Amino acid sequence: MKAEVTAAAVVMLVMAAVVPGVTDDIIPELKTKVPVICALCECLDTVPYDVDCTTAELHEVPDLTPNNFSFPWMLDFSNNVIYEVPQLPLLPNLLSLNFKRNQVWKIATGAFRNLPNLTHLYLQNNNLTEEVLQEDVFLGNYNASYPEPLPLQELDLSYNNIITLRSHAFKHLPFLKRLFLSHNPVRDVSWTMAAAITELHSLEELDLSQTGLDRLPPHFLADLTNLRVLTLAGNRLTSVPSEIQYAHNLVHLNLNANPIRTVMMGDFQEGLKTLRVLEMCAMPDLRNVGKYAFSSLTGLQVLKMSDNPNLAVIDSEAFRLMQGDELSLQEIHVQDNNLMTLSEDMLPWLSLKYIDIQNNPWNCDCKFQWVAERLIPDLENKNPATTLSILCAEPEVNRAMRVVDLLGKAHAFECGPPHPFVRDEGRYGVLIVSTIVVGVILLFTGTLIFSCVLFRRTRTRQMFGDSVKYRRAYNEDDEAIGQTVHA
């Protein structure tokens, strides 16, 4: 591919020499010599033009001065060993610059000021800290005495060593729409970091996943009035952050892989009317979705709540809306959970466009029969791949059978009276154990009391000896004396 530019130039120069009407004014670009950087990197004839330096084993940024392309292009320095980003020369048509997976620990002041059309900057997987990201790093070119802002729209700083940010770190990026800070050891959003982020009034997407957060600072999202996508996956949140209510224009919220145990009424407050997509997947501690949990999310269209190994209960009224509101839900993903039953009244199932309930331990009793009779046939018409692993886990006789295969079978989908020692064995087990424990306590107490009494008696005898009982002796003289007196 490195030779493509040379070949094209040669062909077009030959055409200019032999074809009438082809003048220098028509093909000026193709008469220029091949850019110097194409001898070092791979130049790909794409739109925009792509200069790929990912295999060049660079330790520093090469001289880019002679490479003044007059058409839009991208420059990729990823997967090298570059330690420092210097101030780059004037490259007016450079749109995208990539330093991903290097060793960058230093960026010069105004490093990107000569890139007036740069919209995408990738600095992830480096050694950047808050000390490196001074506000003048993103300084724009000066117009008279004032610096012009950089036109950056996307900035990726993920996988670095950023703990916090200076309060004006992004002062010169008023057009930034997407900011990625994932996999940095933030742990707590300091007030200076919050100030730096909230200064980005054009921000539409913010990624703070895998940053160790257990909370969001008060009113952190209130000034981000254009925020549409918020990713908080892989943090230490134990509940849905109440600060989310201030993101009044939020469309997509990702809470995956957080230690949230329950989702209850009030967790999603009234301020989230615009939310369309909610992700709560891969949560090992999630067990219960309560009544009215999603009642305030009237605009919700897609719910992804899969791969939660302990999620056993979704209340039948979890989606119950207030009077006058209409449900917007179109997709629900609850596959690979621990659900045993599904309420027919929970949702207008047959009106949804996409449903995935696969790989749950379903109890195929009479309450689940509607799934086989009505829901699965509807899924087979819309998305047949989502019906392949809807299997029974209970009762044991039907374990691992496809739910739909039970239709027409004798004794299928039964709800008989509970057997006292099978269905309610947990209750009787507790009663038996309780009885045994009480009996053991009483026996131990009685034995202790008896031992104490016996011990006291034994001690008394040892101290005072055995008591002696006297009996009056019968004497013949006494009888004689008695006779004399009465005489």
# chains A, B, ... in the order shown; residues from 1 in each chain; ligands from 1
call {"tool": "select_by_dssp", "arguments": {"residues": "region 175-221 of chain A", "states": "helix (DSSP H, G or I)", "output": "PyMOL selection string"}}
result
chain A and resi 191-198
call {"tool": "write_last_selection", "arguments": {"atoms": "N, CA and C atoms", "output": "short mmCIF file (atom, residue, chain, number, x, y, z; two decimals), in the first residue's frame"}}
result
data_model
loop_
_atom_site.label_atom_id
_atom_site.label_comp_id
_atom_site.auth_asym_id
_atom_site.auth_seq_id
_atom_site.Cartn_x
_atom_site.Cartn_y
_atom_site.Cartn_z
N TRP A 191 -13.83 18.28 43.53
CA TRP A 191 -14.54 19.47 43.05
C TRP A 191 -13.83 20.08 41.84
N THR A 192 -12.49 19.97 41.80
CA THR A 192 -11.77 20.50 40.63
C THR A 192 -12.06 19.68 39.39
N MET A 193 -12.15 18.36 39.56
CA MET A 193 -12.48 17.51 38.42
C MET A 193 -13.90 17.76 37.95
N ALA A 194 -14.81 17.91 38.89
CA ALA A 194 -16.20 18.22 38.54
C ALA A 194 -16.28 19.55 37.79
N ALA A 195 -15.49 20.54 38.25
CA ALA A 195 -15.49 21.84 37.59
C ALA A 195 -14.95 21.75 36.16
N ALA A 196 -13.91 20.92 35.98
CA ALA A 196 -13.33 20.76 34.64
C ALA A 196 -14.33 20.14 33.68
N ILE A 197 -15.07 19.13 34.15
CA ILE A 197 -16.02 18.44 33.27
C ILE A 197 -17.25 19.29 33.00
N THR A 198 -17.76 19.94 34.04
CA THR A 198 -18.98 20.74 33.85
C THR A 198 -18.73 22.00 33.03
#
call {"tool": "select_by_dssp", "arguments": {"residues": "region 232-333 of chain A", "states": "strand (DSSP E or B)", "output": "PyMOL selection string"}}
result
chain A and resi 252-254+262-263+277-279+288-289+302-304+313-314+331-333
call {"tool": "atom_distance", "arguments": {"atom1": "CA of Asn80 (chain A)", "atom2": "CA of Gln124 (chain A)"}}
result
12.7 Å
call {"tool": "residues_around", "arguments": {"residues": "Ser242 (chain A)", "least_positions_apart": "2", "cutoff": "10 Å", "atoms": "only C-alpha atoms", "output": "list in words"}}
result
Arg215, Leu216, Pro217, Pro218, His219, Ser239, Val240, Ile244, Gln245, Tyr246, Gly266, Asp267, Phe268 and Gln269 of chain A
call {"tool": "write_last_selection", "arguments": {"atoms": "N, CA and C atoms", "output": "compact mmCIF listing (two decimals), in the first residue's frame"}}
result
# COMPACT_ATOMS: atom_id res chain seq x y z
N ARG A 215 -20.01 7.12 44.36
CA ARG A 215 -21.02 8.19 44.38
C ARG A 215 -20.70 9.20 43.30
N LEU A 216 -21.64 10.10 43.06
CA LEU A 216 -21.41 11.27 42.20
C LEU A 216 -21.57 12.51 43.07
N PRO A 217 -20.75 13.53 42.85
CA PRO A 217 -20.87 14.74 43.69
C PRO A 217 -22.20 15.45 43.46
N PRO A 218 -22.66 16.20 44.47
CA PRO A 218 -23.96 16.88 44.36
C PRO A 218 -24.04 17.81 43.14
N HIS A 219 -25.14 17.68 42.42
CA HIS A 219 -25.45 18.54 41.26
C HIS A 219 -24.37 18.49 40.18
N SER A 239 -26.27 1.79 44.84
CA SER A 239 -27.63 2.19 44.50
C SER A 239 -27.57 3.12 43.29
N VAL A 240 -28.70 3.35 42.69
CA VAL A 240 -28.76 4.26 41.55
C VAL A 240 -28.48 5.67 42.07
N ILE A 244 -28.42 11.53 39.12
CA ILE A 244 -28.81 11.32 37.72
C ILE A 244 -30.09 12.08 37.38
N GLN A 245 -30.89 12.39 38.38
CA GLN A 245 -32.14 13.11 38.12
C GLN A 245 -31.91 14.49 37.51
N TYR A 246 -30.69 15.02 37.69
CA TYR A 246 -30.39 16.35 37.16
C TYR A 246 -29.95 16.30 35.70
N GLY A 266 -38.61 4.98 43.24
CA GLY A 266 -37.90 6.18 43.65
C GLY A 266 -36.44 6.19 43.27
N ASP A 267 -35.88 5.03 42.90
CA ASP A 267 -34.47 5.00 42.47
C ASP A 267 -34.27 5.82 41.20
N PHE A 268 -35.25 5.74 40.31
CA PHE A 268 -35.24 6.57 39.10
C PHE A 268 -36.31 7.64 39.28
N GLN A 269 -35.86 8.85 39.43
CA GLN A 269 -36.79 9.91 39.78
C GLN A 269 -37.39 10.58 38.54
call {"tool": "closest_atom_pairs", "arguments": {"of": "region 67-103 of chain A", "to": "region 128-132 of chain A", "cutoff": "12 Å", "atoms": "only C-alpha atoms", "output": "tab-separated table"}}
result
residue	atom	partner	partner_atom	distance
A:Tyr83	CA	A:Leu128	CA	10.3
A:Glu84	CA	A:Leu128	CA	10.5
A:Val85	CA	A:Val132	CA	10.9
A:Phe99	CA	A:Leu128	CA	11.7
A:Lys100	CA	A:Leu128	CA	11.6
A:Arg101	CA	A:Leu128	CA	11.5
A:Asn102	CA	A:Leu128	CA	10.5
A:Gln103	CA	A:Leu128	CA	8.7
call {"tool": "atom_distance", "arguments": {"atom1": "CA of Asp45 (chain A)", "atom2": "CA of Leu118 (chain A)"}}
result
19.5 Å
call {"tool": "closest_atom_pairs", "arguments": {"of": "region 185-216 of chain A", "to": "region 248-252 of chain A", "cutoff": "12 Å", "atoms": "only C-alpha atoms", "output": "tab-separated table"}}
result
residue	atom	partner	partner_atom	distance
A:Leu203	CA	A:Leu250	CA	11.5
A:Glu204	CA	A:Leu250	CA	8.8
A:Glu205	CA	A:His252	CA	9.2
A:Leu206	CA	A:His252	CA	10.6
A:Asp207	CA	A:His252	CA	11.5
call {"tool": "residues_around", "arguments": {"residues": "region 143-160 of chain A", "least_positions_apart": "2", "cutoff": "8 Å", "atoms": "only C-alpha atoms", "output": "ChimeraX atom specification"}}
result
/A:112-113,116-129,138-141,162,172-184
call {"tool": "write_last_selection", "arguments": {"atoms": "C-alpha atoms", "output": "PDB file, in the first residue's frame"}}
result
ATOM      1  CA  PHE A 112      -2.170  20.891  19.067  1.00  0.00           C
ATOM      2  CA  ARG A 113      -2.560  24.622  18.412  1.00  0.00           C
ATOM      3  CA  PRO A 116      -7.109  24.034  13.291  1.00  0.00           C
ATOM      4  CA  ASN A 117      -9.382  21.236  12.028  1.00  0.00           C
ATOM      5  CA  LEU A 118      -8.510  18.472  14.498  1.00  0.00           C
ATOM      6  CA  THR A 119     -11.765  16.919  15.739  1.00  0.00           C
ATOM      7  CA  HIS A 120     -10.612  13.564  17.210  1.00  0.00           C
ATOM      8  CA  LEU A 121      -7.723  13.046  19.649  1.00  0.00           C
ATOM      9  CA  TYR A 122      -6.923   9.640  21.153  1.00  0.00           C
ATOM     10  CA  LEU A 123      -4.542   9.507  24.137  1.00  0.00           C
ATOM     11  CA  GLN A 124      -5.712   6.349  25.898  1.00  0.00           C
ATOM     12  CA  ASN A 125      -3.371   3.697  27.334  1.00  0.00           C
ATOM     13  CA  ASN A 126      -0.542   6.051  28.257  1.00  0.00           C
ATOM     14  CA  ASN A 127       0.984   7.471  31.462  1.00  0.00           C
ATOM     15  CA  LEU A 128      -0.937  10.725  31.697  1.00  0.00           C
ATOM     16  CA  THR A 129      -1.699  12.363  35.052  1.00  0.00           C
ATOM     17  CA  PHE A 138      -5.176  22.181  24.661  1.00  0.00           C
ATOM     18  CA  LEU A 139      -4.460  25.816  23.894  1.00  0.00           C
ATOM     19  CA  GLY A 140      -5.588  26.929  20.455  1.00  0.00           C
ATOM     20  CA  ASN A 141      -3.833  29.215  18.012  1.00  0.00           C
ATOM     21  CA  ILE A 162      -5.566  10.275  36.171  1.00  0.00           C
ATOM     22  CA  HIS A 172     -10.044  25.590  25.483  1.00  0.00           C
ATOM     23  CA  LEU A 173     -12.384  22.784  24.337  1.00  0.00           C
ATOM     24  CA  PRO A 174     -15.832  24.386  24.140  1.00  0.00           C
ATOM     25  CA  PHE A 175     -16.916  22.143  21.243  1.00  0.00           C
ATOM     26  CA  LEU A 176     -16.039  18.801  22.889  1.00  0.00           C
ATOM     27  CA  LYS A 177     -18.937  16.353  22.622  1.00  0.00           C
ATOM     28  CA  ARG A 178     -17.447  13.041  23.798  1.00  0.00           C
ATOM     29  CA  LEU A 179     -15.080  12.562  26.752  1.00  0.00           C
ATOM     30  CA  PHE A 180     -13.774   9.143  27.797  1.00  0.00           C
ATOM     31  CA  LEU A 181     -12.110   8.821  31.222  1.00  0.00           C
ATOM     32  CA  SER A 182     -12.693   5.129  31.904  1.00  0.00           C
ATOM     33  CA  HIS A 183     -10.145   2.902  33.674  1.00  0.00           C
ATOM     34  CA  ASN A 184      -8.467   5.721  35.580  1.00  0.00           C
TER      35      ASN A 184
END
call {"tool": "atom_distance", "arguments": {"atom1": "CA of Ala318 (chain A)", "atom2": "CA of Ala293 (chain A)"}}
result
5.0 Å
call {"tool": "closest_residue", "arguments": {"among": "A:Cys53, A:Ile260, A:Val397, A:Cys38", "to": "Leu97 (chain A)", "atoms": "only C-alpha atoms"}}
result
A:Cys53
call {"tool": "decode", "arguments": {"residues": "region 268-312 of chain A", "atoms": "N, CA and C atoms", "output": "compact mmCIF listing (two decimals), in the first residue's frame"}}
result
# COMPACT_ATOMS: atom_id res chain seq x y z
N PHE A 268 -35.25 5.74 40.31
CA PHE A 268 -35.24 6.57 39.10
C PHE A 268 -36.31 7.64 39.28
N GLN A 269 -35.86 8.85 39.43
CA GLN A 269 -36.79 9.91 39.78
C GLN A 269 -37.39 10.58 38.54
N GLU A 270 -38.26 11.53 38.80
CA GLU A 270 -39.07 12.10 37.74
C GLU A 270 -38.28 12.86 36.68
N GLY A 271 -37.03 13.20 36.95
CA GLY A 271 -36.27 14.01 36.02
C GLY A 271 -35.75 13.29 34.80
N LEU A 272 -36.04 12.00 34.67
CA LEU A 272 -35.47 11.20 33.58
C LEU A 272 -36.51 10.87 32.51
N LYS A 273 -37.30 11.81 32.15
CA LYS A 273 -38.35 11.59 31.15
C LYS A 273 -37.78 11.27 29.77
N THR A 274 -36.56 11.71 29.49
CA THR A 274 -35.99 11.52 28.15
C THR A 274 -35.20 10.21 28.02
N LEU A 275 -35.03 9.47 29.12
CA LEU A 275 -34.22 8.25 29.07
C LEU A 275 -34.85 7.21 28.15
N ARG A 276 -34.07 6.73 27.19
CA ARG A 276 -34.56 5.75 26.23
C ARG A 276 -33.94 4.37 26.42
N VAL A 277 -32.67 4.33 26.85
CA VAL A 277 -31.97 3.05 27.00
C VAL A 277 -31.38 2.96 28.40
N LEU A 278 -31.67 1.86 29.11
CA LEU A 278 -31.12 1.62 30.44
C LEU A 278 -30.44 0.26 30.45
N GLU A 279 -29.18 0.25 30.89
CA GLU A 279 -28.41 -1.00 30.98
C GLU A 279 -28.07 -1.29 32.43
N MET A 280 -28.48 -2.48 32.91
CA MET A 280 -28.17 -2.95 34.25
C MET A 280 -27.82 -4.44 34.17
N CYS A 281 -26.72 -4.74 33.52
CA CYS A 281 -26.29 -6.11 33.27
C CYS A 281 -25.06 -6.46 34.11
N ALA A 282 -24.79 -7.76 34.22
CA ALA A 282 -23.57 -8.25 34.89
C ALA A 282 -23.44 -7.70 36.30
N MET A 283 -24.54 -7.73 37.04
CA MET A 283 -24.54 -7.26 38.43
C MET A 283 -24.66 -8.47 39.35
N PRO A 284 -23.57 -8.89 39.97
CA PRO A 284 -23.60 -10.12 40.77
C PRO A 284 -24.46 -10.02 42.02
N ASP A 285 -24.71 -8.81 42.53
CA ASP A 285 -25.47 -8.65 43.76
C ASP A 285 -26.95 -8.33 43.54
N LEU A 286 -27.34 -8.05 42.32
CA LEU A 286 -28.73 -7.67 42.05
C LEU A 286 -29.66 -8.86 42.25
N ARG A 287 -30.66 -8.67 43.12
CA ARG A 287 -31.56 -9.76 43.47
C ARG A 287 -33.03 -9.47 43.19
N ASN A 288 -33.39 -8.21 43.25
CA ASN A 288 -34.82 -7.91 43.25
C ASN A 288 -35.10 -6.59 42.54
N VAL A 289 -36.14 -6.60 41.72
CA VAL A 289 -36.68 -5.38 41.11
C VAL A 289 -38.08 -5.20 41.67
N GLY A 290 -38.28 -4.16 42.42
CA GLY A 290 -39.51 -4.00 43.18
C GLY A 290 -40.65 -3.33 42.44
N LYS A 291 -41.73 -3.17 43.14
CA LYS A 291 -42.95 -2.56 42.62
C LYS A 291 -42.70 -1.11 42.24
N TYR A 292 -43.17 -0.72 41.04
CA TYR A 292 -43.05 0.63 40.52
C TYR A 292 -41.60 1.07 40.30
N ALA A 293 -40.68 0.13 40.18
CA ALA A 293 -39.26 0.48 40.03
C ALA A 293 -39.00 1.36 38.82
N PHE A 294 -39.71 1.09 37.72
CA PHE A 294 -39.49 1.84 36.48
C PHE A 294 -40.68 2.72 36.12
N SER A 295 -41.54 3.00 37.07
CA SER A 295 -42.78 3.72 36.78
C SER A 295 -42.54 5.16 36.32
N SER A 296 -41.41 5.74 36.71
CA SER A 296 -41.14 7.13 36.32
C SER A 296 -40.47 7.23 34.96
N LEU A 297 -40.01 6.10 34.40
CA LEU A 297 -39.29 6.11 33.12
C LEU A 297 -40.28 5.94 31.98
N THR A 298 -41.08 6.94 31.77
CA THR A 298 -42.16 6.83 30.78
C THR A 298 -41.65 6.78 29.35
N GLY A 299 -40.43 7.27 29.12
CA GLY A 299 -39.88 7.27 27.76
C GLY A 299 -38.97 6.09 27.47
N LEU A 300 -38.80 5.19 28.45
CA LEU A 300 -37.86 4.07 28.28
C LEU A 300 -38.30 3.16 27.14
N GLN A 301 -37.38 2.91 26.21
CA GLN A 301 -37.67 2.05 25.07
C GLN A 301 -36.91 0.72 25.11
N VAL A 302 -35.71 0.72 25.70
CA VAL A 302 -34.89 -0.49 25.73
C VAL A 302 -34.39 -0.71 27.15
N LEU A 303 -34.68 -1.88 27.71
CA LEU A 303 -34.15 -2.27 29.02
C LEU A 303 -33.26 -3.49 28.84
N LYS A 304 -31.99 -3.34 29.20
CA LYS A 304 -31.05 -4.46 29.17
C LYS A 304 -30.70 -4.82 30.61
N MET A 305 -31.23 -5.96 31.08
CA MET A 305 -31.02 -6.40 32.45
C MET A 305 -30.71 -7.90 32.43
N SER A 306 -29.59 -8.24 31.81
CA SER A 306 -29.21 -9.64 31.61
C SER A 306 -27.92 -9.97 32.36
N ASP A 307 -27.62 -11.27 32.46
CA ASP A 307 -26.38 -11.75 33.08
C ASP A 307 -26.24 -11.32 34.53
N ASN A 308 -27.36 -11.34 35.25
CA ASN A 308 -27.37 -11.07 36.69
C ASN A 308 -27.68 -12.38 37.40
N PRO A 309 -26.66 -13.10 37.87
CA PRO A 309 -26.85 -14.48 38.32
C PRO A 309 -27.77 -14.65 39.52
N ASN A 310 -28.04 -13.58 40.28
CA ASN A 310 -28.90 -13.69 41.46
C ASN A 310 -30.22 -12.96 41.32
N LEU A 311 -30.49 -12.41 40.15
CA LEU A 311 -31.76 -11.71 39.96
C LEU A 311 -32.89 -12.72 39.82
N ALA A 312 -33.69 -12.85 40.89
CA ALA A 312 -34.73 -13.88 40.93
C ALA A 312 -36.14 -13.30 40.84
